[in-house]
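Peer 1: My structure is in my_file18.pdb, and what it holds is PDB, C-alpha atoms:
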```
MODEL        1
ATOM      1  CA  MET Q   1       0.000   0.000   0.000
ATOM      2  CA  PHE Q   2       2.809   2.374   0.917
ATOM      3  CA  GLU Q   3       4.471   1.693  -2.419
ATOM      4  CA  VAL Q   4       1.305   2.503  -4.361
ATOM      5  CA  VAL Q   5       0.762   5.796  -2.547
ATOM      6  CA  ALA Q   6       4.424   6.766  -2.960
ATOM      7  CA  PHE Q   7       4.392   5.867  -6.657
ATOM      8  CA  TYR Q   8       1.346   7.960  -7.489
ATOM      9  CA  LEU Q   9       2.460  10.883  -5.320
ATOM     10  CA  PHE Q  10       5.898  11.082  -6.900
ATOM     11  CA  ALA Q  11       4.539  10.406 -10.371
ATOM     12  CA  PHE Q  12       2.212  13.392 -10.012
ATOM     13  CA  LEU Q  13       4.976  15.610  -8.600
ATOM     14  CA  THR Q  14       7.505  14.642 -11.275
ATOM     15  CA  ILE Q  15       5.092  15.202 -14.143
ATOM     16  CA  ALA Q  16       3.999  18.545 -12.675
ATOM     17  CA  MET Q  17       7.591  19.741 -12.236
ATOM     18  CA  PHE Q  18       8.721  18.700 -15.704
ATOM     19  CA  SER Q  19       5.624  20.281 -17.256
ATOM     20  CA  VAL Q  20       6.570  23.558 -15.589
ATOM     21  CA  THR Q  21      10.089  23.196 -17.014
ATOM     22  CA  VAL Q  22       8.752  22.716 -20.521
ATOM     23  CA  ILE Q  23       6.004  25.332 -20.458
ATOM     24  CA  THR Q  24       7.398  28.266 -18.446
ATOM     25  CA  LYS Q  25       8.928  31.311 -20.107
ATOM     26  CA  ASN Q  26      11.277  32.129 -17.250
ATOM     27  CA  ALA Q  27      14.632  30.353 -17.403
ATOM     28  CA  LEU Q  28      15.103  30.440 -13.625
ATOM     29  CA  TYR Q  29      11.738  28.758 -13.004
ATOM     30  CA  ALA Q  30      12.662  26.132 -15.575
ATOM     31  CA  LEU Q  31      15.982  25.466 -13.849
ATOM     32  CA  SER Q  32      14.502  25.148 -10.342
ATOM     33  CA  SER Q  33      11.597  22.963 -11.404
ATOM     34  CA  LEU Q  34      13.990  20.722 -13.345
ATOM     35  CA  ALA Q  35      16.143  20.312 -10.228
ATOM     36  CA  ALA Q  36      13.043  19.451  -8.162
ATOM     37  CA  GLY Q  37      11.949  16.912 -10.768
ATOM     38  CA  MET Q  38      15.377  15.255 -10.663
ATOM     39  CA  ILE Q  39      15.083  14.852  -6.865
ATOM     40  CA  PHE Q  40      11.602  13.355  -7.220
ATOM     41  CA  ILE Q  41      12.875  10.893  -9.822
ATOM     42  CA  SER Q  42      15.418   9.563  -7.327
ATOM     43  CA  ALA Q  43      12.419   8.530  -5.199
ATOM     44  CA  PHE Q  44      11.438   6.042  -7.933
ATOM     45  CA  PHE Q  45      14.918   4.544  -7.813
ATOM     46  CA  PHE Q  46      14.618   4.031  -4.061
ATOM     47  CA  LEU Q  47      11.187   2.463  -4.587
ATOM     48  CA  LEU Q  48      12.732   0.101  -7.157
ATOM     49  CA  ASN Q  49      15.417  -1.084  -4.680
ATOM     50  CA  ALA Q  50      18.104   0.672  -6.742
ATOM     51  CA  ASP Q  51      19.506   2.590  -3.757
ATOM     52  CA  PHE Q  52      22.879   3.335  -5.298
ATOM     53  CA  LEU Q  53      21.308   4.662  -8.487
ATOM     54  CA  GLY Q  54      19.066   6.933  -6.419
ATOM     55  CA  ALA Q  55      22.038   8.356  -4.535
ATOM     56  CA  VAL Q  56      23.943   8.863  -7.806
ATOM     57  CA  GLN Q  57      20.887  10.600  -9.276
ATOM     58  CA  ILE Q  58      20.825  13.124  -6.423
ATOM     59  CA  VAL Q  59      24.590  13.672  -6.353
ATOM     60  CA  VAL Q  60      25.251  13.841 -10.090
ATOM     61  CA  TYR Q  61      22.080  15.463 -11.422
ATOM     62  CA  THR Q  62      21.036  17.878  -8.712
ATOM     63  CA  GLY Q  63      24.543  18.335  -7.355
ATOM     64  CA  ALA Q  64      26.711  18.562 -10.455
ATOM     65  CA  VAL Q  65      24.536  19.058 -13.553
ATOM     66  CA  MET Q  66      22.171  21.589 -11.993
ATOM     67  CA  ALA Q  67      25.068  23.527 -10.442
ATOM     68  CA  LEU Q  68      26.719  23.600 -13.868
ATOM     69  CA  TYR Q  69      23.513  24.951 -15.431
ATOM     70  CA  ALA Q  70      23.215  27.533 -12.653
ATOM     71  CA  PHE Q  71      26.760  28.749 -13.300
ATOM     72  CA  GLY Q  72      26.239  28.625 -17.041
ATOM     73  CA  MET Q  73      23.105  30.760 -16.759
ATOM     74  CA  MET Q  74      25.175  33.582 -15.285
ATOM     75  CA  PHE Q  75      26.420  34.147 -18.844
ATOM     76  CA  PHE Q  76      22.948  34.442 -20.331
ATOM     77  CA  ASP Q  77      20.492  37.226 -19.496
ATOM     78  CA  SER Q  78      18.087  34.922 -17.707
ATOM     79  CA  ILE Q  79      16.234  37.672 -15.828
ATOM     80  CA  ASN Q  80      14.217  38.572 -18.917
ATOM     81  CA  ASP Q  81      11.580  36.324 -20.395
ATOM     82  CA  ILE Q  82      12.849  34.019 -23.087
ATOM     83  CA  LYS Q  83      12.243  35.357 -26.570
ATOM     84  CA  GLU Q  84      11.278  32.562 -28.875
ATOM     85  CA  THR Q  85      10.273  32.327 -32.485
ATOM     86  CA  PRO Q  86       7.295  30.036 -33.164
ATOM     87  CA  THR Q  87       8.140  26.601 -34.529
ATOM     88  CA  ASN Q  88       7.252  25.161 -37.895
ATOM     89  CA  ALA Q  89       3.833  23.457 -37.827
ATOM     90  CA  ARG Q  90       4.727  20.781 -40.371
ATOM     91  CA  LEU Q  91       7.814  19.760 -38.424
ATOM     92  CA  THR Q  92       5.766  19.505 -35.230
ATOM     93  CA  PHE Q  93       3.271  17.269 -37.012
ATOM     94  CA  MET Q  94       6.052  14.992 -38.284
ATOM     95  CA  LEU Q  95       7.664  14.724 -34.858
ATOM     96  CA  THR Q  96       4.306  13.878 -33.293
ATOM     97  CA  GLY Q  97       4.118  10.901 -35.638
ATOM     98  CA  ILE Q  98       7.578   9.796 -34.516
ATOM     99  CA  ILE Q  99       6.433  10.063 -30.876
ATOM    100  CA  ALA Q 100       3.451   7.834 -31.637
ATOM    101  CA  ILE Q 101       5.767   5.172 -33.077
ATOM    102  CA  ILE Q 102       8.036   5.387 -30.015
ATOM    103  CA  VAL Q 103       5.050   4.951 -27.689
ATOM    104  CA  VAL Q 104       3.932   1.838 -29.549
ATOM    105  CA  MET Q 105       7.454   0.410 -29.353
ATOM    106  CA  ILE Q 106       7.664   1.094 -25.611
ATOM    107  CA  PHE Q 107       4.450  -0.844 -24.989
ATOM    108  CA  ILE Q 108       5.516  -3.722 -27.220
ATOM    109  CA  ALA Q 109       8.921  -4.017 -25.520
ATOM    110  CA  PRO Q 110       7.693  -5.982 -22.436
ATOM    111  CA  VAL Q 111       5.960  -8.486 -24.754
ATOM    112  CA  ILE Q 112       9.197  -9.103 -26.679
ATOM    113  CA  GLY Q 113      11.248  -9.326 -23.507
ATOM    114  CA  ALA Q 114       8.785 -11.558 -21.630
ATOM    115  CA  ASN Q 115      10.961 -14.657 -21.827
ATOM    116  CA  ALA Q 116      14.302 -12.924 -21.425
ATOM    117  CA  THR Q 117      16.626 -14.448 -18.845
ATOM    118  CA  ALA Q 118      18.786 -12.484 -16.411
ATOM    119  CA  HIS Q 119      22.481 -12.337 -17.289
ATOM    120  CA  TYR Q 120      23.485 -10.708 -14.030
ATOM    121  CA  PRO Q 121      20.841 -11.670 -11.468
ATOM    122  CA  ILE Q 122      20.303  -9.555  -8.359
ATOM    123  CA  HIS Q 123      21.672 -11.141  -5.172
ATOM    124  CA  GLU Q 124      19.376 -10.256  -2.288
ATOM    125  CA  ALA Q 125      22.068 -11.129   0.275
ATOM    126  CA  TYR Q 126      24.622  -8.644  -1.066
ATOM    127  CA  GLY Q 127      22.695  -5.390  -0.922
ATOM    128  CA  ASN Q 128      22.340  -3.116  -3.920
ATOM    129  CA  THR Q 129      25.593  -1.147  -3.662
ATOM    130  CA  GLN Q 130      27.831  -4.186  -3.298
ATOM    131  CA  ASP Q 131      25.957  -6.051  -6.008
ATOM    132  CA  ILE Q 132      26.448  -3.178  -8.463
ATOM    133  CA  GLY Q 133      30.121  -2.903  -7.529
ATOM    134  CA  VAL Q 134      30.706  -6.578  -8.308
ATOM    135  CA  VAL Q 135      29.077  -6.371 -11.742
ATOM    136  CA  LEU Q 136      30.555  -2.961 -12.596
ATOM    137  CA  PHE Q 137      34.131  -3.961 -11.865
ATOM    138  CA  THR Q 138      33.981  -7.357 -13.536
ATOM    139  CA  LYS Q 139      31.637  -7.375 -16.531
ATOM    140  CA  TYR Q 140      31.521  -3.627 -17.205
ATOM    141  CA  LEU Q 141      35.111  -2.714 -16.388
ATOM    142  CA  VAL Q 142      36.061  -1.550 -19.906
ATOM    143  CA  PRO Q 143      32.960   0.632 -20.402
ATOM    144  CA  PHE Q 144      33.597   2.039 -16.935
ATOM    145  CA  GLU Q 145      37.141   3.072 -17.854
ATOM    146  CA  VAL Q 146      35.982   4.474 -21.189
ATOM    147  CA  ALA Q 147      33.335   6.503 -19.359
ATOM    148  CA  ALA Q 148      36.043   7.851 -17.049
ATOM    149  CA  VAL Q 149      38.149   8.992 -20.033
ATOM    150  CA  MET Q 150      35.037  10.483 -21.653
ATOM    151  CA  LEU Q 151      34.281  12.521 -18.528
ATOM    152  CA  LEU Q 152      37.875  13.768 -18.438
ATOM    153  CA  VAL Q 153      37.684  14.793 -22.098
ATOM    154  CA  ALA Q 154      34.364  16.534 -21.451
ATOM    155  CA  MET Q 155      35.811  18.398 -18.483
ATOM    156  CA  ILE Q 156      38.849  19.639 -20.436
ATOM    157  CA  GLY Q 157      36.630  20.530 -23.406
ATOM    158  CA  GLY Q 158      34.227  22.456 -21.189
ATOM    159  CA  ILE Q 159      37.064  24.437 -19.592
ATOM    160  CA  ILE Q 160      38.618  25.280 -22.956
ATOM    161  CA  LEU Q 161      35.308  26.247 -24.592
ATOM    162  CA  ALA Q 162      33.894  28.341 -21.762
ATOM    163  CA  GLY Q 163      37.186  29.757 -20.483
ATOM    164  CA  LYS Q 164      38.109  31.730 -23.610
ATOM    165  CA  LYS Q 165      38.792  35.422 -22.992
ATOM    166  CA  MET Q 166      38.343  34.975 -19.266
ATOM    167  CA  ASP Q 167      41.882  36.178 -18.545
ATOM    168  CA  ALA Q 168      40.533  39.636 -17.605
ATOM    169  CA  SER Q 169      38.936  39.640 -14.171
ATOM    170  CA  ILE Q 170      35.799  41.782 -14.158
ATOM    171  CA  THR Q 171      35.585  41.818 -10.341
ATOM    172  CA  GLN Q 172      38.845  43.722 -10.020
ATOM    173  CA  MET Q 173      37.946  46.484 -12.518
ATOM    174  CA  SER Q 174      36.220  49.790 -11.953
ATOM    175  CA  GLU Q 175      32.791  50.372 -13.504
ATOM    176  CA  GLU Q 176      34.174  52.318 -16.484
ATOM    177  CA  GLU Q 177      36.755  49.674 -17.220
ATOM    178  CA  VAL Q 178      34.068  46.989 -17.199
ATOM    179  CA  ASP Q 179      31.980  48.988 -19.672
ATOM    180  CA  ASP Q 180      34.995  49.471 -21.941
ATOM    181  CA  HIS Q 181      35.860  45.814 -21.731
ATOM    182  CA  HIS Q 182      32.319  44.782 -22.605
ATOM    183  CA  HIS Q 183      32.265  47.265 -25.464
ATOM    184  CA  THR Q 184      35.438  45.932 -27.059
ATOM    185  CA  ASP Q 185      34.143  42.390 -26.602
ATOM    186  CA  SER Q 186      30.983  43.045 -28.601
ATOM    187  CA  GLU Q 187      32.998  44.839 -31.290
ATOM    188  CA  ILE Q 188      35.213  41.790 -31.636
ATOM    189  CA  ALA Q 189      32.084  39.653 -31.899
ATOM    190  CA  LYS Q 190      30.823  41.858 -34.749
ATOM    191  CA  ASP Q 191      34.131  41.538 -36.539
ATOM    192  CA  ILE Q 192      33.957  37.774 -36.338
ATOM    193  CA  LYS Q 193      30.494  37.860 -37.886
TER     194      LYS Q 193
ATOM    195  CA  MET G   1      -3.202  -3.765  -5.881
ATOM    196  CA  SER G   2       0.478  -3.249  -6.411
ATOM    197  CA  ILE G   3       2.651  -1.363  -8.859
ATOM    198  CA  THR G   4       3.641  -3.406 -11.907
ATOM    199  CA  LEU G   5       6.232  -2.952 -14.611
ATOM    200  CA  ASN G   6       3.605  -1.473 -16.923
ATOM    201  CA  ASP G   7       2.861   1.357 -14.492
ATOM    202  CA  TYR G   8       6.508   2.352 -14.460
ATOM    203  CA  LEU G   9       6.765   2.130 -18.239
ATOM    204  CA  ILE G  10       3.658   4.290 -18.665
ATOM    205  CA  LEU G  11       5.150   6.875 -16.314
ATOM    206  CA  SER G  12       8.419   6.712 -18.229
ATOM    207  CA  THR G  13       6.550   7.264 -21.490
ATOM    208  CA  ILE G  14       4.636  10.247 -20.116
ATOM    209  CA  ILE G  15       7.829  11.925 -18.880
ATOM    210  CA  PHE G  16       9.562  11.147 -22.180
ATOM    211  CA  MET G  17       6.680  12.748 -24.065
ATOM    212  CA  ILE G  18       6.912  15.859 -21.885
ATOM    213  CA  GLY G  19      10.600  16.082 -22.773
ATOM    214  CA  MET G  20       9.865  15.483 -26.459
ATOM    215  CA  TYR G  21       7.182  18.174 -26.428
ATOM    216  CA  GLY G  22       9.716  20.574 -24.940
ATOM    217  CA  ALA G  23      12.308  19.671 -27.557
ATOM    218  CA  MET G  24       9.763  20.358 -30.314
ATOM    219  CA  ARG G  25       8.216  23.533 -28.942
ATOM    220  CA  ARG G  26      11.252  25.327 -27.570
ATOM    221  CA  THR G  27      13.634  27.231 -29.780
ATOM    222  CA  ASN G  28      15.788  28.481 -26.920
ATOM    223  CA  LEU G  29      18.890  26.288 -26.806
ATOM    224  CA  LEU G  30      19.068  26.212 -22.998
ATOM    225  CA  MET G  31      15.492  24.945 -22.879
ATOM    226  CA  LEU G  32      16.401  22.300 -25.445
ATOM    227  CA  PHE G  33      19.126  21.101 -23.095
ATOM    228  CA  PHE G  34      16.605  20.913 -20.251
ATOM    229  CA  SER G  35      14.244  18.870 -22.430
ATOM    230  CA  THR G  36      17.090  16.491 -23.264
ATOM    231  CA  GLU G  37      17.746  15.976 -19.559
ATOM    232  CA  ILE G  38      14.062  15.182 -19.024
ATOM    233  CA  MET G  39      14.118  12.571 -21.802
ATOM    234  CA  LEU G  40      17.281  10.938 -20.453
ATOM    235  CA  ASN G  41      15.738  10.742 -16.992
ATOM    236  CA  ALA G  42      12.577   9.157 -18.384
ATOM    237  CA  VAL G  43      14.685   6.424 -19.969
ATOM    238  CA  ASN G  44      16.541   5.915 -16.684
ATOM    239  CA  ILE G  45      13.258   5.236 -14.854
ATOM    240  CA  GLY G  46      12.352   2.623 -17.444
ATOM    241  CA  MET G  47      15.778   0.993 -17.153
ATOM    242  CA  ALA G  48      15.615   0.782 -13.349
ATOM    243  CA  ALA G  49      12.062  -0.598 -13.464
ATOM    244  CA  ILE G  50      12.966  -3.339 -15.946
ATOM    245  CA  SER G  51      16.028  -4.117 -13.845
ATOM    246  CA  LYS G  52      13.857  -4.751 -10.813
ATOM    247  CA  PHE G  53      11.017  -6.670 -12.425
ATOM    248  CA  HIS G  54      13.347  -8.948 -14.370
ATOM    249  CA  GLY G  55      15.795  -9.381 -11.481
ATOM    250  CA  ASP G  56      18.685  -8.318 -13.692
ATOM    251  CA  LEU G  57      21.311  -5.682 -12.898
ATOM    252  CA  THR G  58      22.023  -4.795 -16.545
ATOM    253  CA  GLY G  59      19.303  -2.142 -16.575
ATOM    254  CA  GLN G  60      20.859  -0.297 -13.660
ATOM    255  CA  MET G  61      24.292  -0.493 -15.312
ATOM    256  CA  PHE G  62      22.932   1.157 -18.448
ATOM    257  CA  ALA G  63      21.303   3.827 -16.298
ATOM    258  CA  PHE G  64      24.706   4.603 -14.788
ATOM    259  CA  PHE G  65      26.321   5.020 -18.160
ATOM    260  CA  ILE G  66      23.431   7.187 -19.322
ATOM    261  CA  ILE G  67      24.022   9.452 -16.316
ATOM    262  CA  ALA G  68      27.747   9.657 -17.153
ATOM    263  CA  ILE G  69      26.963  10.566 -20.769
ATOM    264  CA  ALA G  70      24.424  13.175 -19.661
ATOM    265  CA  ALA G  71      27.002  14.789 -17.389
ATOM    266  CA  SER G  72      29.620  15.072 -20.136
ATOM    267  CA  GLU G  73      26.973  16.272 -22.604
ATOM    268  CA  VAL G  74      26.121  19.134 -20.261
ATOM    269  CA  ALA G  75      29.784  20.115 -19.822
ATOM    270  CA  ILE G  76      30.505  20.268 -23.553
ATOM    271  CA  GLY G  77      27.097  21.640 -24.504
ATOM    272  CA  LEU G  78      27.208  24.488 -22.034
ATOM    273  CA  GLY G  79      30.736  25.374 -23.116
ATOM    274  CA  LEU G  80      29.586  25.623 -26.725
ATOM    275  CA  LEU G  81      26.468  27.521 -25.686
ATOM    276  CA  ILE G  82      28.491  30.124 -23.766
ATOM    277  CA  LEU G  83      30.790  30.525 -26.765
ATOM    278  CA  TRP G  84      27.789  30.986 -29.063
ATOM    279  CA  PHE G  85      26.187  33.502 -26.734
ATOM    280  CA  LYS G  86      29.404  35.535 -26.581
ATOM    281  CA  ARG G  87      29.432  35.743 -30.376
ATOM    282  CA  ASN G  88      25.774  36.320 -31.186
ATOM    283  CA  ASN G  89      24.236  37.636 -27.954
ATOM    284  CA  SER G  90      21.425  35.131 -28.429
ATOM    285  CA  ILE G  91      20.883  31.442 -27.804
ATOM    286  CA  ASP G  92      17.860  31.143 -30.031
ATOM    287  CA  LEU G  93      17.938  28.149 -32.329
ATOM    288  CA  ASP G  94      17.287  30.306 -35.407
ATOM    289  CA  THR G  95      20.649  32.062 -35.046
ATOM    290  CA  LEU G  96      22.239  28.727 -35.911
ATOM    291  CA  GLN G  97      20.743  28.695 -39.410
ATOM    292  CA  SER G  98      23.843  29.985 -41.152
ATOM    293  CA  MET G  99      24.627  26.759 -43.012
ATOM    294  CA  LYS G 100      22.065  26.770 -45.800
ATOM    295  CA  GLY G 101      23.053  24.157 -48.357
TER     296      GLY G 101
ENDMDL
END
```
Could you show the structure in this file as structure tokens?
Peer 2:
Amino acid sequence: MFEVVAFYLFAFLTIAMFSVTVITKNALYALSSLAAGMIFISAFFFLLNADFLGAVQIVVYTGAVMALYAFGMMFFDSINDIKETPTNARLTFMLTGIIAIIVVMIFIAPVIGANATAHYPIHEAYGNTQDIGVVLFTKYLVPFEVAAVMLLVAMIGGIILAGKKMDASITQMSEEEVDDHHHTDSEIAKDIK
Amino acid sequence: MSITLNDYLILSTIIFMIGMYGAMRRTNLLMLFFSTEIMLNAVNIGMAAISKFHGDLTGQMFAFFIIAIAASEVAIGLGLLILWFKRNNSIDLDTLQSMKG
């Protein structure tokens, strides 16, 4: 009974939060509701006995990804409402058809996988974290290492891409200097165009 | 009455459709990133649910790798987005239409 109540409560909350993210015009509202939705999704992982995955969800998504978005949004003028051009109606229609196909495939998937056997069965005696550690460091060791290299590459790439022309520290300038600096920056941008 | 695999898959589908709707409707690139995160999370729920109801850890493993990919996607994507904003003062998708073939 507890599981049913928890499932429906968190399902409602998650859908509500993500709908706000998709519909709202304010970037800050979108960011906060997305972070809340991520936290609520971790509740499903705890309900599904995937404790470690739930903890990773909170730490990585709401801790790292959301903080990265929050810092990234300092570069954009997120106080104002988002200005958007309306999308092409024909494209929307086509994509809706693709969604319909995906939905059908999702509901057929359990039928196809009904007689699938478990390659790496869950050991109740181990506990979730230990169980995952055993499988991750035996069967999935190579993908794990590749993922580590990929994260390193992403980190270096992010620093190089975002860190360009950050050698001048705006906090240590006077107001006039900041204005000048900004002015020259936009002129350079025009030249590049 | 208890929660079955189908309930989780329906929830996963609904969240995925919300993300897909956002990816279609939004032309702001930051909002497109948010929609992508929503879709990835929807898939993760499905993976974890299948993992439990089939008694197999593979689903959870894939969810972990999806999370790792999402994290690196955000790092690179935001770096590119900041670079684009510095150049064009806009992160609207239409400013990217400079490559007409």
Peer 1: Using all atoms listed in the file, which of Q:Ala35, Q:Leu28, Q:Ile41, Q:Asp51 sits nearest Thr129 of chain Q?
Peer 2: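 For Thr129 of chain Q, the nearest of the given residues is Q:Asp51.
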Peer 1: Taking only C-alpha atoms into account, which of Q:Met66, Q:Ile15, Q:Ala55, Q:Leu9 comes nearest chain G?
Peer 2: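 Closest to chain G of all the choices is Q:Ile15.
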Peer 1: With a cut-off of 6 Å and counting only C-alpha atoms, select all residues of chain G in contact with chain Q and give the selection as an mmCIF file with C-alpha atoms, in the coordinates of the input.
Peer 2:
```cif
data_model
loop_
_atom_site.group_PDB
_atom_site.id
_atom_site.type_symbol
_atom_site.label_atom_id
_atom_site.label_comp_id
_atom_site.auth_asym_id
_atom_site.auth_seq_id
_atom_site.Cartn_x
_atom_site.Cartn_y
_atom_site.Cartn_z
ATOM 1 C CA GLY G 22 9.716 20.574 -24.940
ATOM 2 C CA THR G 27 13.634 27.231 -29.780
ATOM 3 C CA GLY G 55 15.795 -9.381 -11.481
ATOM 4 C CA ASP G 56 18.685 -8.318 -13.692
ATOM 5 C CA LEU G 57 21.311 -5.682 -12.898
ATOM 6 C CA SER G 72 29.620 15.072 -20.136
ATOM 7 C CA ALA G 75 29.784 20.115 -19.822
ATOM 8 C CA ILE G 76 30.505 20.268 -23.553
ATOM 9 C CA GLY G 79 30.736 25.374 -23.116
ATOM 10 C CA ARG G 87 29.432 35.743 -30.376
#
```
Peer 1: Would you mind telling me which residue in Q:Val111, Q:Met105, Q:Val146, Q:Ile98 lies nearest to Tyr21 of chain G when using all atoms listed in the file?
Peer 2: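 For Tyr21 of chain G, the nearest of the candidates is Q:Ile98.
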Peer 1: Name the residues that the PyMOL selection byres ((chain G and resi 29) around 6) picks from the file above, as a PDB file with C-alpha atoms, in the coordinates of the input, using the file's chain letters and numbers.
Peer 2:
```
ATOM      1  CA  ASN G  28      15.788  28.481 -26.920  1.00  0.00           C
ATOM      2  CA  LEU G  30      19.068  26.212 -22.998  1.00  0.00           C
ATOM      3  CA  MET G  31      15.492  24.945 -22.879  1.00  0.00           C
ATOM      4  CA  LEU G  32      16.401  22.300 -25.445  1.00  0.00           C
ATOM      5  CA  ILE G  91      20.883  31.442 -27.804  1.00  0.00           C
ATOM      6  CA  ASP G  92      17.860  31.143 -30.031  1.00  0.00           C
ATOM      7  CA  LEU G  93      17.938  28.149 -32.329  1.00  0.00           C
TER       8      LEU G  93
END
```
Peer 1: Can you tell me how far atom CA of Val59 of chain Q sits from atom CA of Gly133 of chain Q, in Å to one decimal?
Peer 2: 17.5 Å
Peer 1: Calculate how many Å separate atom CA of Met1 of chain G from atom CA of Ile39 of chain Q, rounding to one decimal.
Peer 2: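 These atoms are spaced 26.1 Å apart.
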